[in-house]
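First up is the structure itself, then whatever we jot down about it.
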Amino acid sequence: MKAFYIHSLEDLHELSTAGNSSLYPNRTKILVGMATCGQAAGANEVLQAVQEEVEKGQLPYFVMGTGCIGWCSQEPLLDIWVPGQPRVTYGRVTPERARKIVRALPEIQHNWAVALMHGDDNPITGKFKKYWSSKNGHKNGLPSYKDLPLFKHQTRLVMRNCGIIDPSSLLEYVARGGYLALWQGLRKHSPEQVIREITTSGLRGRGGAGFPTGKKWQAVREASGDPKYIICNADEGDPGAYMDRGVLEGDPHSVLEGMILGGYAMGAHEGIIYVREEYPLAVSRMKEAIQQAEQAELLGDNIFESGFSFHIRVVKGAGAFVCGEETALIRSIEGKVGEPQQRPPYPAQQGLWGKPTCINNVETWANVPVIVTRGGKWFAGVGTEKSKGTKIFSLVGNIENTALIEVPMGTTLASVVYEIGGGIPNGNACKAIQTGGPSGGCIPADKFDLPVDYDSLMQAGSIMGSGGMIVMDDHTCMVDIAKYFLGFLQDESCGKCFTCRVGTQRLMQIVTRISEGKGKEEDLDLLEDLGWLIKEASLCGLGQTAANPVLSTLRYFRSEYLAHIRDKRCPAKVCRELITFAIDPVTCNGCGACVQVCSGSAILGEKKKPYTIDAAHCTKCGACLEACKFDAVFVN
Amino acid sequence: MQQADIEMIEPLLGQFEDRRANLIAILQEIQSTFSYLPQEFLRRVARKLQVPLTEVYQVATFYRCFSLEPRGKHLVQVCLGTACHVRGADVILERVRTETGTTSSATSADLQFTVEPVRCLGCCGLAPVMRVDRDTIAHLEQNKIRSVLRKYRPKVAKGADGSAVEPAKAMAGTEVGQ
């Protein structure tokens, strides 16, 4: 493709037309969801099959990869869009099915299709692009996205382009109103006006702590010191959270646009994106987007002929959870060990290389273009009184629809779990939801009328955090969960503060003791005292919240701790020291499937007769339970 | 260390300016080229950047992505994120370790596999998952681990009856066939 430059509003309009020709082409378009999770589920093979089929038949179809639309449980996803028709989504596609679907076009394979998309919303322009004009929202009984509970309750401001555009196409981003906000900001607003819009919008940091973004920007703008720096925190370390990965992989330019606007507003000329190395696709997508923006002169000197210059580079993390903390992240960019520093001085005064620095999370940056084009007031109309806008959550664990969802702040947990998430699979009962990663806590199912916003979650003993939501059913042991997070925190504590370094180890020892049935009732008081101490005496967020997983499970699930201590029993049948595996002699037909998989050679007996388990050799790995097709293996 | 490796290090270091801030990036480049950080190279990095060797070691041991020991041919990263944990990641890890012979050390004796638990691969919707080199494998079950890993093992040719035969014999068989 020939080189192009974007210097004016006319350039944007012109390129938007070019982008539209691939975004909404006048021939059939086939899309495959190619984010990391899609690829893990087999999207590469599906894409290859589609391409082969198209080449073989010399079919006039347009084949491309797209980002993640968030419907993880249906990966790999294949979408077919015939001009003038709704877009048809196929779920759990295999290469063979993909071939058949392509060959049968334009006919729809109803037994494999899962939903119809009748158009797409564009929060930048506020317009809805209709694909299809029938009054009847259904096509032969297929549900429409807008009727599916998973999508019905969502408002997609940040994920506006994920699953719609080809993330490696700057033109398609522009066709969706991309870089319009940048033009408006640079050419129509003063830096102060941009900050004012952000302040009016009520946007709060999406990394977890919820600090008002406008206030942070104002502080950096007013800080003395030159140069100033902008950092995008993409060190998404919370286990169970992948919102940022979704945005970086699905819509990289939205993050760049937000950062350039931030640089303009705060008077910075250099931006750094700190991405964790566990996300190789996100790293390469961001690098590619930066290169495209540089070529189009959206990055570099004199952007939009405004006289403003800005440069962005990517720094790869090296695998340390604590580097998600802003002062540790700055140390890491400086090439040092990622140990948090005392605040104040805050990074807004003395950050990278001792200069004023603004650090915001990926999702925060991606919100900025929407606020600038639609206005702070409009944005403040979404969400609750104190938490504005939307929030992306990764809804995972024991839930029917594992998904990446974006909902208005204030949506209740019940709506998230039971409506959007479709409830708990296999008829199991929901026990709790874990939010906020290792700094968060577990909220019990009877508190699910709670609205999701910064303050409500804090009051319930958890935090919003970056947006991981892990649903737990009655097969999850809360003592085991506390132990899991303590193991995590003990490993990831940088070691600088004694209370965090040793405190997490002691907490771990006590909880391990309880999980093995060797705990005492006094241990529960000890856990609470120690938890409070670590919270009070540690320097950074990691230490200050390290006790949350223990304290919140103790607060809501004390009886489970007591069952481990008093009755030496794990009610969820998870803690290995307190369970035994056995085979029901009546149900067992002696097929021997369990013998094949046993890791400890602990299954005794002969074929066609009921087997037994030798407790002395059983490692309690559960392989036999997984292998038995007749439900003859059970746990005591 | 091979002579060829020693010859590769100077051009690798030459790509970077002599700035303290480049320390992590240089170590990442060495790690990805050689799959570990050989001691001799750490000395060279310290000299290049004019920082004490202790500081280079401090960084090399603080961050998880660096290894001071040679790694196996294939890196198996078993995800221990929360979503994977509630879906049984611990038994997956155990099974991977027994299957690869890494129960007592991170790297197998035949240097085929290095197994390391990782905190979260961000594929929580497909839990439990693991990554082998660049491939992410979803919806794991412990009874499937053996067949998943087979792909990464050195090829052992099959005899006519389907049983594994000595590599030398297999080679001879191929020659006859040709």
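Chain identifiers are assigned as A, B, and so on, following the order in which chains appear in the structure tokens; residues are numbered from 1 within each chain, and ligands are numbered from 1 in order of appearance.
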Q) So which bits of region 88-221 of chain A end up strand (DSSP E or B) when you DSSP the backbone, as a ChimeraX atom specification? A) /A:88-90,113-117,119-122,127-130,139,142,144,204,212
Q: Show me which bits of chain A are within 6 Å of chain B, counting only C-alpha atoms, as a ChimeraX atom specification.
A: /A:37,40,72,239-240,242,318-320,334-335,337,396-397,402,621
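Close contacts of region 476-485 of chain A, defined as residues with an atom at most 8 Å away when counting only C-alpha atoms, with chain neighbours fewer than 4 positions off set aside, comprise Lys431, Pro438, Met472, Leu489, Met508, Val511, Thr512, Ile514, Ser515, Pro549, Val550, Thr553, Phe557, Glu560, Tyr561, Cys570, Pro571, Ala572, Lys573, Val574 and Cys575 of chain A; Val86 of chain B.
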Q: Go through B:Pro117, B:Pro154, B:Gly101, B:Pro70 one by one, measure the shortest atom-to-atom distance of each to Leu37 (chain B) using only C-alpha atoms, and give the residue with the smallest value.
A: B:Pro70
